[in-house]
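Please read the structure below before turning to the comments.
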Amino acid sequence: VSYRPSYYLNLDANASCRVTDSVLTKIKEVERIFPNASAVHQDGQRAKYYLEWSRASVRELLNLSKDERIVFTSGATESNNQVLLSPVFEHLFGDSKPIEDSVLVIGATEHPSVSDVARRWINKPFSYKIVAAGKDKGVSEESLREALSPDTRLVSLMTANNETGEIFPIAELVKIVRNNAHQAYIHTDCVQGVGKLDIDFQHLGVDYLTFSSHKLGGLIGVGVVVVKKSAPFEPLLLGGGQEGRLRAGTENLVACVGLGQVCLDLIRNGGELREQMSYAKSYLLTKLTNNLQDLRVNFSDRATLANTLSLTVPRTNSQDLVVALDLAGIGISAGSACSSGKPHGSSILQSLGFNAEEVRSTVRLSLSGRESLTELDYVAKAFTDCALRAARPCV
Ligand SMILES: Cc1ncc(COP(=O)(O)O)c(C=O)c1O
């Protein structure tokens with residue numbers, strides 16, 4: 001392949017996606033208005049109109065009813081923190097009777113914006129439990145049943161994993177929770193689900209759903225919490241009446257409008273985008289497996305996202321591969337963005353039974369679905385060359 005794009009190819013869409021042209025066009029409409037949607041004057045009201053337009057777009061995409069609120073935050077990290085800390089704040093500051101002995105239950109492969117908050121629950125009166133991964137799936141149903149009890153206050157299970165791409169059967173897991181923990185509220189971190197799956201909030205049956213815009217071609221700086229009106233929800237930030245008093249601080253109007261456009265595009269073309277992702281993934285995979293005999297395609301026995309590939313390239317160091325491909329103008333990652341720099345590599349892969357050598361030689365490619373076949377040919381060639389050069393000889 002002599003073709004080499006003059007631009008950088010981002011195959012790290014699960015970390016962040018390039019902003020789409022339709023988002024860039026839409027945000028021009030609000031570029032010049034005074035963007036404080038709480039102001040009473042005309043510009044403020046225009047800003048408010050756009051904010052509510054974005055909210056309506058989220059509502060339609062996820063099939064939300066009048067029983068659900070949509071709260072804009074700064075990103076999914078904040079959204080997840082707010083959901084998981086809400087019971088703590090309710091306990092500390094709420095009018096209701098303190099909830100003693102509450103238990104939080106989370107999956108083994110949750111994002112740190114969930115698992116790091118869970119660790120804070122360890123201080124009395126709260127505690128948390130981790131649902132072990134099964135042999136062939138990231139959430140063992142048996143382990144989930146065992147973790148649940150009348151004290152379970154909140155269960156947080158991701159819709160799909162950012163590193164492995166594994167899709168979790170949330171609607172089924174919700175049924176297990178409802179049957180075994182009658183007082184529990186259920187959250188799903190849907191950051192990797194929205195856009196890559198056809199998400200219907202009513203079908204999932206959860207109480208809280210979170211996601212963010214920059215994984216979908218929107219701007220960095222806005223996240224969402226969908227929360228059922230019947231579920232308790234406390235603000236993390238105080239100091240203003242924005243977002244129905246559930247999240248103080250002036251909304252990031254431009255990013256919110258970008259998110260509204262992303263949702264609109266997904267309503268119109270989401271199915272087509274997912275087909276393109278699937279096609280691109282299998283096209284690339286066929287080339288790579290033909291070229292590299294000992295390449296291991298991880299999690300191929302499970303349901304995985306149409307855009308995510310976890311690949312183990314034996315006898316290589318994933319960091320070398322990431323750097324070599326970067327020099328070739330292609331961005332991939334060794335695990336997720338949040339696991340980069342960790343001395344022992346991805347803890348998610350470790351929790352799924354990968355040994356140190358396997359963790360060291362595993363990379364993630366995540367597609368936006370907008371790559372052309374010429375670009376994918378270039379990726380396959382560059383990946384093959386880099387993998388062959390990076391591999392230590394067999395001894
Ligand atoms: C599954 C998952 N949850 C949460 C986050 C955090 O999202 P944000 O970057 O919007 O804070 C990410 C980002 O990688 C993610 O993949």
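Each chain of the structure tokens is named A, B, ... in the order shown, its residues numbered from 1; ligands are numbered from 1 in display order.
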- Can you tell me which residues sit at most 9 Å away from ligand 1, counting only C-alpha atoms and all ligand atoms, written as an MDAnalysis selection string? chainID A and resid 14:16 74:80 110:114 158:163 189:193 210:215 220:223 336:338
- Message: as a PyMOL selection string, please: the residues near segment 371-381 of chain A (cut-off 8 Å, only C-alpha atoms, same-chain neighbours under 4 positions excluded).
- Response: chain A and resi 1+3-5+9+280+283-284+287-288+330+367+385
Mind dumping the selected residues with N, CA, C and O atoms as a PDB file, in the first residue's frame?
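Below you can see part_24.pdb, which holds the result:
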ATOM      1  N   VAL A   1       0.873  -1.197   0.000  1.00  0.00           N
ATOM      2  CA  VAL A   1       0.000   0.000   0.000  1.00  0.00           C
ATOM      3  C   VAL A   1       0.898   1.231   0.000  1.00  0.00           C
ATOM      4  O   VAL A   1       1.601   1.471   0.979  1.00  0.00           O
ATOM      5  N   TYR A   3      -0.316   4.279  -0.444  1.00  0.00           N
ATOM      6  CA  TYR A   3      -1.099   5.397   0.092  1.00  0.00           C
ATOM      7  C   TYR A   3      -0.799   5.617   1.577  1.00  0.00           C
ATOM      8  O   TYR A   3      -0.739   4.676   2.357  1.00  0.00           O
ATOM      9  N   ARG A   4      -0.556   6.850   1.943  1.00  0.00           N
ATOM     10  CA  ARG A   4      -0.480   7.171   3.363  1.00  0.00           C
ATOM     11  C   ARG A   4      -1.239   8.483   3.562  1.00  0.00           C
ATOM     12  O   ARG A   4      -0.900   9.500   2.942  1.00  0.00           O
ATOM     13  N   PRO A   5      -2.265   8.494   4.427  1.00  0.00           N
ATOM     14  CA  PRO A   5      -3.058   9.725   4.585  1.00  0.00           C
ATOM     15  C   PRO A   5      -2.183  10.858   5.087  1.00  0.00           C
ATOM     16  O   PRO A   5      -1.227  10.633   5.829  1.00  0.00           O
ATOM     17  N   LEU A   9      -4.879   9.358  11.677  1.00  0.00           N
ATOM     18  CA  LEU A   9      -6.050   8.466  11.724  1.00  0.00           C
ATOM     19  C   LEU A   9      -6.304   8.046  13.169  1.00  0.00           C
ATOM     20  O   LEU A   9      -5.479   7.352  13.759  1.00  0.00           O
ATOM     21  N   ALA A 280     -16.474  -2.249   8.934  1.00  0.00           N
ATOM     22  CA  ALA A 280     -15.070  -1.824   9.035  1.00  0.00           C
ATOM     23  C   ALA A 280     -14.301  -2.757   9.969  1.00  0.00           C
ATOM     24  O   ALA A 280     -13.169  -3.148   9.676  1.00  0.00           O
ATOM     25  N   TYR A 283     -13.749  -6.110   8.208  1.00  0.00           N
ATOM     26  CA  TYR A 283     -12.817  -5.901   7.081  1.00  0.00           C
ATOM     27  C   TYR A 283     -11.375  -5.855   7.600  1.00  0.00           C
ATOM     28  O   TYR A 283     -10.485  -6.546   7.110  1.00  0.00           O
ATOM     29  N   LEU A 284     -11.179  -5.059   8.647  1.00  0.00           N
ATOM     30  CA  LEU A 284      -9.841  -4.894   9.221  1.00  0.00           C
ATOM     31  C   LEU A 284      -9.366  -6.207   9.852  1.00  0.00           C
ATOM     32  O   LEU A 284      -8.215  -6.621   9.656  1.00  0.00           O
ATOM     33  N   LYS A 287      -8.164  -8.807   7.366  1.00  0.00           N
ATOM     34  CA  LYS A 287      -6.816  -8.498   6.857  1.00  0.00           C
ATOM     35  C   LYS A 287      -5.758  -8.821   7.905  1.00  0.00           C
ATOM     36  O   LYS A 287      -4.728  -9.418   7.596  1.00  0.00           O
ATOM     37  N   LEU A 288      -6.019  -8.420   9.139  1.00  0.00           N
ATOM     38  CA  LEU A 288      -5.014  -8.608  10.189  1.00  0.00           C
ATOM     39  C   LEU A 288      -4.788 -10.091  10.488  1.00  0.00           C
ATOM     40  O   LEU A 288      -3.650 -10.529  10.652  1.00  0.00           O
ATOM     41  N   ILE A 330      -1.132   6.754  13.053  1.00  0.00           N
ATOM     42  CA  ILE A 330      -2.354   6.047  13.481  1.00  0.00           C
ATOM     43  C   ILE A 330      -2.402   5.998  15.010  1.00  0.00           C
ATOM     44  O   ILE A 330      -1.438   5.578  15.656  1.00  0.00           O
ATOM     45  N   LEU A 367     -13.016   1.934  16.418  1.00  0.00           N
ATOM     46  CA  LEU A 367     -13.328   2.651  15.173  1.00  0.00           C
ATOM     47  C   LEU A 367     -14.493   3.619  15.358  1.00  0.00           C
ATOM     48  O   LEU A 367     -15.361   3.396  16.201  1.00  0.00           O
ATOM     49  N   ASP A 385       3.130  -4.431   9.642  1.00  0.00           N
ATOM     50  CA  ASP A 385       4.572  -4.103   9.617  1.00  0.00           C
ATOM     51  C   ASP A 385       5.084  -3.839  11.024  1.00  0.00           C
ATOM     52  O   ASP A 385       6.126  -4.347  11.426  1.00  0.00           O
TER      53      ASP A 385
END
Would you list the contacts of Arg55 of chain A as a PDB file with N, CA and C atoms, in the first residue's frame, taking every protein, DNA or RNA residue within 9 Å and counting only C-alpha atoms, but skipping same-chain residues closer than 5 positions in sequence?
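Once written, selection.pdb looks like this:
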ATOM      1  N   TYR A  50     -32.003  26.785  22.954  1.00  0.00           N
ATOM      2  CA  TYR A  50     -31.064  25.800  22.409  1.00  0.00           C
ATOM      3  C   TYR A  50     -30.772  24.679  23.410  1.00  0.00           C
ATOM      4  N   GLU A  60     -35.460  12.061  22.832  1.00  0.00           N
ATOM      5  CA  GLU A  60     -35.970  11.244  21.725  1.00  0.00           C
ATOM      6  C   GLU A  60     -35.029  10.064  21.442  1.00  0.00           C
ATOM      7  N   ILE A  70     -33.401  14.785  32.610  1.00  0.00           N
ATOM      8  CA  ILE A  70     -32.085  14.768  31.947  1.00  0.00           C
ATOM      9  C   ILE A  70     -31.268  15.885  32.586  1.00  0.00           C
ATOM     10  N   VAL A  71     -30.131  15.536  33.166  1.00  0.00           N
ATOM     11  CA  VAL A  71     -29.277  16.540  33.807  1.00  0.00           C
ATOM     12  C   VAL A  71     -27.970  16.619  33.028  1.00  0.00           C
ATOM     13  N   PHE A  72     -27.613  17.828  32.588  1.00  0.00           N
ATOM     14  CA  PHE A  72     -26.333  18.013  31.896  1.00  0.00           C
ATOM     15  C   PHE A  72     -25.237  18.250  32.932  1.00  0.00           C
ATOM     16  N   CYS A 256     -23.401  21.490  24.842  1.00  0.00           N
ATOM     17  CA  CYS A 256     -24.744  20.875  24.932  1.00  0.00           C
ATOM     18  C   CYS A 256     -25.411  20.847  23.557  1.00  0.00           C
ATOM     19  N   VAL A 257     -25.252  21.933  22.804  1.00  0.00           N
ATOM     20  CA  VAL A 257     -25.861  21.986  21.474  1.00  0.00           C
ATOM     21  C   VAL A 257     -25.193  20.956  20.554  1.00  0.00           C
ATOM     22  N   LEU A 259     -24.003  18.172  21.536  1.00  0.00           N
ATOM     23  CA  LEU A 259     -24.562  16.886  21.961  1.00  0.00           C
ATOM     24  C   LEU A 259     -25.951  16.684  21.356  1.00  0.00           C
ATOM     25  N   GLY A 260     -26.736  17.768  21.357  1.00  0.00           N
ATOM     26  CA  GLY A 260     -28.080  17.677  20.759  1.00  0.00           C
ATOM     27  C   GLY A 260     -27.982  17.254  19.297  1.00  0.00           C
TER      28      GLY A 260
END
- Record the distance separating atom CA of Ala108 of chain A and atom CA of Thr164 of chain A, expressed in Å with one decimal.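 Computing the Euclidean distance for atom CA of Ala108 of chain A and atom CA of Thr164 of chain A yields 12.6 Å.
Closest approach to Phe168 of chain A from the set A:Asn180, A:Ser65, A:Gln242, A:Thr304 is made by A:Thr304, with distances taken over only C-alpha atoms.
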- Task: Apply DSSP to the structure's backbone, then extract all residues of segment 111-306 of chain A labelled strand (DSSP E) and return them as a VMD selection string.
- Result: chain A and resid 127 to 131 152 to 156 185 to 189 208 to 212 223 to 228 296 to 297
- Task: Please identify which residues in segment 132-305 of chain A DSSP calls alpha helix (DSSP H) from the backbone, and express them as an MDAnalysis selection string.
- Result: chainID A and resid 141:147 170:180 201:204 242:245 253:291
- Find the residues around Pro35 of chain A up to 9 Å (only C-alpha atoms counted), leave out those fewer than 5 positions away in its own chain, and share them as an MDAnalysis selection string. chainID A and resid 30 43:44 46:48 250:254
- Task: Please provide the set of residues having any atom within 12 Å of Arg178 of chain A, restricted to only C-alpha atoms, with same-chain residues fewer than 6 positions apart removed, written as a list of chain:residue names.
- Result: A:Leu144, A:Arg145, A:Leu148, A:Ser149, A:Pro150, A:Thr152, A:Arg153, A:Leu154, A:Val155, A:Ala171, A:Glu172, A:Ala184, A:Tyr185, A:Ile186, A:Gly205, A:Val206, A:Asp207
- Item | segment 121-135 of chain A surroundings by only C-alpha atoms, 8 Å radius, close-in-sequence under 6 positions cut, as an NGL selection string | :A and (100-109 or 141 or 143-144 or 147 or 351-352)
- Query: Which polymer residues have any atom within 10 Å of an atom of Gly244 of chain A, counting only C-alpha atoms, with same-chain residues fewer than 3 positions away left out, as a ChimeraX atom specification?
  - Reply: /A:69-71,235,240-241,247-248
- Item | For Ser115 of chain A, the nearest of the candidates A:Asn179, A:Ser347, A:Ser366, A:Asn298, counting only C-alpha atoms | A:Ser347
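Using only C-alpha atoms for every distance, the candidate list A:Leu295, A:Ile267, A:Val323, A:Val83 yields A:Leu295 as the residue closest to Glu358 of chain A.
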